[in-house]
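Only one structure is covered here, and it is reproduced in the block below.
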Amino acid sequence: MVLKSVQKEVLKGCKIVFSRVFPTKSQAENHYLWKKAEQLGAICSTEVNPSVTHVVATDARTEKSRWAVQEKKFLVHPRWIEAANYFWQKQLEENFPVNQTKN
C-alpha cells in the first residue's frame, strides 16, 4: 500500500484531457494511458474547462490542443505520462512537445 500512495503523488494536482490519443469509438476511461494517469494521481476528463492543467495530444492542431495553447495550459505528448510512470516522478512538460502532423 505504501507504493500506491507514493504513486498517487506523481501527477497529483494535474487535470488531464486527451486529444487524438484514443480511437474515437473507444471508451476513453478504459484506455491504459487514462488509467495510468489516474494511478499516478491525476484527474482525467473528456472535456476542457478552466480547471484542466494538461492536454495530452498527438497533434498540435486539434481543437483541444489549440485551446491548451490559447489558455496557457500544458500541451504534452502521451510519452509524458509514460515517462512519469517509468521514473515515478512528474517530468518537465517542455521535454514532451506535441508536433504538428502533416496532412
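Simple scheme: letters A, B, ... for chains in C-alpha cells order, numbers from 1 for residues in each chain, numbers from 1 for ligands in the order shown.
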
With a distance cut-off of 12 Å and only C-alpha atoms, select the neighbouring residues of Glu63 in chain A, excluding the residue or stretch itself and same-chain residues fewer than 2 positions from it, and output the selection as a compact mmCIF listing (two decimals) with all heavy atoms, in the first residue's frame.
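Final output, part-v4.txt:
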# COMPACT_ATOMS: atom_id res chain seq x y z
N VAL A 17 -6.83 16.26 -20.02
CA VAL A 17 -7.75 15.95 -21.11
C VAL A 17 -6.90 15.40 -22.25
O VAL A 17 -5.79 15.88 -22.49
CB VAL A 17 -8.51 17.23 -21.57
CG1 VAL A 17 -9.22 17.00 -22.88
CG2 VAL A 17 -9.50 17.66 -20.51
N PHE A 18 -7.40 14.38 -22.93
CA PHE A 18 -6.68 13.75 -24.03
C PHE A 18 -7.27 14.21 -25.36
O PHE A 18 -8.47 14.42 -25.47
CB PHE A 18 -6.78 12.23 -23.93
CG PHE A 18 -6.08 11.66 -22.72
CD1 PHE A 18 -6.75 11.50 -21.52
CD2 PHE A 18 -4.75 11.27 -22.79
CE1 PHE A 18 -6.12 10.98 -20.40
CE2 PHE A 18 -4.11 10.76 -21.68
CZ PHE A 18 -4.79 10.61 -20.49
N SER A 19 -6.39 14.33 -26.36
CA SER A 19 -6.84 14.70 -27.70
C SER A 19 -6.12 13.85 -28.74
O SER A 19 -4.88 13.85 -28.79
CB SER A 19 -6.56 16.18 -27.94
OG SER A 19 -7.01 16.57 -29.22
N ARG A 20 -6.87 13.11 -29.52
CA ARG A 20 -6.34 12.22 -30.56
C ARG A 20 -5.36 11.19 -30.00
O ARG A 20 -4.36 10.87 -30.63
CB ARG A 20 -5.65 13.01 -31.67
CG ARG A 20 -6.59 13.85 -32.48
CD ARG A 20 -6.59 13.47 -33.94
NE ARG A 20 -7.54 14.31 -34.64
CZ ARG A 20 -7.20 15.25 -35.50
NH1 ARG A 20 -5.95 15.45 -35.81
NH2 ARG A 20 -8.14 15.96 -36.07
N GLU A 47 -13.61 16.56 -21.32
CA GLU A 47 -13.92 17.92 -21.78
C GLU A 47 -12.97 18.94 -21.17
O GLU A 47 -12.57 18.82 -20.02
CB GLU A 47 -15.36 18.30 -21.36
CG GLU A 47 -16.43 17.40 -21.94
CD GLU A 47 -16.49 17.44 -23.46
OE1 GLU A 47 -16.26 18.53 -24.05
OE2 GLU A 47 -16.75 16.40 -24.07
N VAL A 48 -12.62 19.96 -21.96
CA VAL A 48 -11.79 21.04 -21.45
C VAL A 48 -12.64 21.99 -20.61
O VAL A 48 -13.81 22.19 -20.88
CB VAL A 48 -11.07 21.81 -22.58
CG1 VAL A 48 -10.08 20.92 -23.30
CG2 VAL A 48 -12.04 22.44 -23.54
N VAL A 55 -3.22 19.15 -21.56
CA VAL A 55 -3.84 18.46 -22.69
C VAL A 55 -2.77 17.52 -23.23
O VAL A 55 -1.67 17.95 -23.57
CB VAL A 55 -4.34 19.43 -23.78
CG1 VAL A 55 -4.82 18.65 -25.01
CG2 VAL A 55 -5.47 20.31 -23.24
N ALA A 57 -1.77 15.13 -26.15
CA ALA A 57 -2.19 15.02 -27.54
C ALA A 57 -1.07 14.50 -28.44
O ALA A 57 0.11 14.55 -28.07
CB ALA A 57 -2.65 16.38 -28.05
N ASP A 59 -1.34 15.56 -31.79
CA ASP A 59 -1.41 16.52 -32.89
C ASP A 59 -1.69 17.90 -32.31
O ASP A 59 -2.69 18.10 -31.63
CB ASP A 59 -2.53 16.09 -33.86
CG ASP A 59 -2.66 17.01 -35.07
OD1 ASP A 59 -2.01 18.07 -35.12
OD2 ASP A 59 -3.43 16.65 -35.99
N ALA A 60 -0.81 18.85 -32.60
CA ALA A 60 -0.95 20.20 -32.05
C ALA A 60 -2.06 21.01 -32.72
O ALA A 60 -2.37 22.11 -32.28
CB ALA A 60 0.37 20.95 -32.17
N ARG A 61 -2.67 20.46 -33.77
CA ARG A 61 -3.69 21.22 -34.50
C ARG A 61 -5.12 20.89 -34.08
O ARG A 61 -6.05 21.48 -34.61
CB ARG A 61 -3.54 20.98 -36.00
CG ARG A 61 -2.22 21.51 -36.53
CD ARG A 61 -2.04 21.20 -37.99
NE ARG A 61 -2.23 19.77 -38.19
CZ ARG A 61 -2.60 19.22 -39.32
NH1 ARG A 61 -2.84 19.95 -40.36
NH2 ARG A 61 -2.74 17.91 -39.42
N SER A 65 -5.95 20.91 -28.44
CA SER A 65 -4.54 21.33 -28.40
C SER A 65 -4.44 22.85 -28.56
O SER A 65 -3.70 23.52 -27.83
CB SER A 65 -3.75 20.66 -29.52
OG SER A 65 -3.69 19.27 -29.32
N ARG A 66 -5.19 23.39 -29.50
CA ARG A 66 -5.18 24.84 -29.71
C ARG A 66 -5.73 25.56 -28.47
O ARG A 66 -5.24 26.62 -28.09
CB ARG A 66 -5.95 25.22 -30.97
CG ARG A 66 -5.25 24.76 -32.24
CD ARG A 66 -5.79 25.42 -33.50
NE ARG A 66 -7.23 25.36 -33.61
CZ ARG A 66 -7.92 24.41 -34.25
NH1 ARG A 66 -7.29 23.43 -34.85
NH2 ARG A 66 -9.24 24.46 -34.31
N TRP A 67 -6.75 24.96 -27.84
CA TRP A 67 -7.30 25.53 -26.61
C TRP A 67 -6.22 25.60 -25.53
O TRP A 67 -6.09 26.61 -24.84
CB TRP A 67 -8.48 24.67 -26.14
CG TRP A 67 -9.04 25.11 -24.81
CD1 TRP A 67 -10.00 26.07 -24.59
CD2 TRP A 67 -8.66 24.63 -23.52
NE1 TRP A 67 -10.23 26.20 -23.25
CE2 TRP A 67 -9.42 25.34 -22.56
CE3 TRP A 67 -7.74 23.68 -23.07
CZ2 TRP A 67 -9.29 25.13 -21.19
CZ3 TRP A 67 -7.62 23.45 -21.71
CH2 TRP A 67 -8.38 24.18 -20.78
N ALA A 68 -5.43 24.52 -25.41
CA ALA A 68 -4.37 24.48 -24.39
C ALA A 68 -3.39 25.63 -24.58
O ALA A 68 -3.02 26.32 -23.63
CB ALA A 68 -3.64 23.14 -24.44
N VAL A 69 -2.97 25.85 -25.81
CA VAL A 69 -2.01 26.91 -26.11
C VAL A 69 -2.65 28.28 -25.82
O VAL A 69 -2.04 29.13 -25.15
CB VAL A 69 -1.54 26.82 -27.58
CG1 VAL A 69 -0.71 28.04 -27.97
CG2 VAL A 69 -0.76 25.53 -27.80
N GLN A 70 -3.86 28.46 -26.28
CA GLN A 70 -4.58 29.73 -26.10
C GLN A 70 -4.78 30.04 -24.61
O GLN A 70 -4.64 31.19 -24.19
CB GLN A 70 -5.92 29.64 -26.81
CG GLN A 70 -6.75 30.89 -26.73
CD GLN A 70 -8.10 30.70 -27.42
OE1 GLN A 70 -8.23 29.92 -28.36
NE2 GLN A 70 -9.11 31.40 -26.94
N LEU A 75 0.61 21.57 -23.01
CA LEU A 75 0.28 20.68 -24.12
C LEU A 75 1.44 19.70 -24.23
O LEU A 75 2.57 20.10 -24.52
CB LEU A 75 0.12 21.48 -25.42
CG LEU A 75 -0.12 20.68 -26.69
CD1 LEU A 75 -1.42 19.86 -26.59
CD2 LEU A 75 -0.16 21.60 -27.91

task: Using only C-alpha atoms, determine which residues lie at most 9 Å from Ala37 in chain A, disregarding the query and same-chain residues fewer than 2 positions distant; provide the list as a list in words.
output: Leu11, Ile16, Tyr32, Leu33, Trp34, Lys35, Gln39, Leu40, Gly41, Ala42, Ile43, Cys44, Ile81, Glu82, Ala84 and Asn85 of chain A

Include C-alpha atoms and write out the residues we just selected as a short mmCIF file (atom, residue, chain, number, x, y, z; two decimals), in the first residue's frame.
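Dumped to again.cif:
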data_model
loop_
_atom_site.label_atom_id
_atom_site.label_comp_id
_atom_site.auth_asym_id
_atom_site.auth_seq_id
_atom_site.Cartn_x
_atom_site.Cartn_y
_atom_site.Cartn_z
CA LEU A 11 0.74 13.60 -11.01
CA ILE A 16 -5.75 15.95 -17.90
CA TYR A 32 -4.28 2.38 -20.44
CA LEU A 33 -2.96 5.97 -20.51
CA TRP A 34 -6.13 7.25 -18.83
CA LYS A 35 -5.87 4.52 -16.18
CA GLN A 39 -2.97 5.66 -10.88
CA LEU A 40 -0.35 8.43 -10.79
CA GLY A 41 -2.83 10.77 -9.06
CA ALA A 42 -4.12 12.83 -11.99
CA ILE A 43 -7.77 13.54 -12.64
CA CYS A 44 -8.82 12.77 -16.21
CA ILE A 81 2.58 10.13 -18.82
CA GLU A 82 4.68 7.09 -19.74
CA ALA A 84 6.20 9.91 -15.26
CA ASN A 85 5.19 6.30 -14.71
#

task: May I ask which of the residues A:Val52, A:Val21, A:Trp88, A:Ala83 is the closest one to Lys4 in chain A, counting only C-alpha atoms?
output: A:Trp88

message: as a PyMOL selection string, please: every residue in chain A that a backbone DSSP assignment puts in alpha helix (DSSP H).
response: chain A and resi 2-7+32-39+63-70+79-87

query: Just asking: which residues within range 3-91 of chain A are strand (DSSP E) according to DSSP, as a ChimeraX atom specification?
result: /A:15-19,43-45,54-57,74-76

Quick one: write out the picked residues with N, CA and C atoms as an mmCIF file, in the first residue's frame?
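The resulting file, out02.cif, is reproduced below:
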data_model
loop_
_atom_site.group_PDB
_atom_site.id
_atom_site.type_symbol
_atom_site.label_atom_id
_atom_site.label_comp_id
_atom_site.auth_asym_id
_atom_site.auth_seq_id
_atom_site.Cartn_x
_atom_site.Cartn_y
_atom_site.Cartn_z
ATOM 1 N N LYS A 15 -4.901 17.941 -13.904
ATOM 2 C CA LYS A 15 -6.185 17.564 -14.505
ATOM 3 C C LYS A 15 -5.942 17.464 -16.004
ATOM 4 N N ILE A 16 -6.166 16.286 -16.542
ATOM 5 C CA ILE A 16 -5.746 15.947 -17.899
ATOM 6 C C ILE A 16 -6.938 15.714 -18.821
ATOM 7 N N VAL A 17 -6.827 16.256 -20.022
ATOM 8 C CA VAL A 17 -7.750 15.954 -21.111
ATOM 9 C C VAL A 17 -6.901 15.401 -22.248
ATOM 10 N N PHE A 18 -7.403 14.379 -22.925
ATOM 11 C CA PHE A 18 -6.680 13.754 -24.030
ATOM 12 C C PHE A 18 -7.268 14.209 -25.358
ATOM 13 N N SER A 19 -6.394 14.325 -26.364
ATOM 14 C CA SER A 19 -6.843 14.699 -27.697
ATOM 15 C C SER A 19 -6.116 13.851 -28.737
ATOM 16 N N ILE A 43 -6.344 13.640 -12.366
ATOM 17 C CA ILE A 43 -7.772 13.543 -12.636
ATOM 18 C C ILE A 43 -7.924 13.680 -14.143
ATOM 19 N N CYS A 44 -8.634 12.746 -14.761
ATOM 20 C CA CYS A 44 -8.818 12.770 -16.208
ATOM 21 C C CYS A 44 -10.241 13.188 -16.546
ATOM 22 N N SER A 45 -10.380 13.886 -17.663
ATOM 23 C CA SER A 45 -11.674 14.361 -18.111
ATOM 24 C C SER A 45 -11.735 14.260 -19.633
ATOM 25 N N HIS A 54 -3.446 20.111 -18.156
ATOM 26 C CA HIS A 54 -2.673 19.484 -19.225
ATOM 27 C C HIS A 54 -3.589 18.924 -20.309
ATOM 28 N N VAL A 55 -3.225 19.154 -21.563
ATOM 29 C CA VAL A 55 -3.839 18.459 -22.686
ATOM 30 C C VAL A 55 -2.772 17.523 -23.228
ATOM 31 N N VAL A 56 -3.091 16.240 -23.247
ATOM 32 C CA VAL A 56 -2.177 15.216 -23.759
ATOM 33 C C VAL A 56 -2.643 14.899 -25.172
ATOM 34 N N ALA A 57 -1.766 15.133 -26.154
ATOM 35 C CA ALA A 57 -2.194 15.017 -27.543
ATOM 36 C C ALA A 57 -1.071 14.496 -28.436
ATOM 37 N N PHE A 74 -0.590 23.345 -20.230
ATOM 38 C CA PHE A 74 0.460 22.488 -20.773
ATOM 39 C C PHE A 74 -0.105 21.619 -21.892
ATOM 40 N N LEU A 75 0.611 21.570 -23.013
ATOM 41 C CA LEU A 75 0.281 20.682 -24.123
ATOM 42 C C LEU A 75 1.440 19.699 -24.231
ATOM 43 N N VAL A 76 1.172 18.428 -23.936
ATOM 44 C CA VAL A 76 2.241 17.431 -23.881
ATOM 45 C C VAL A 76 1.892 16.184 -24.696
#
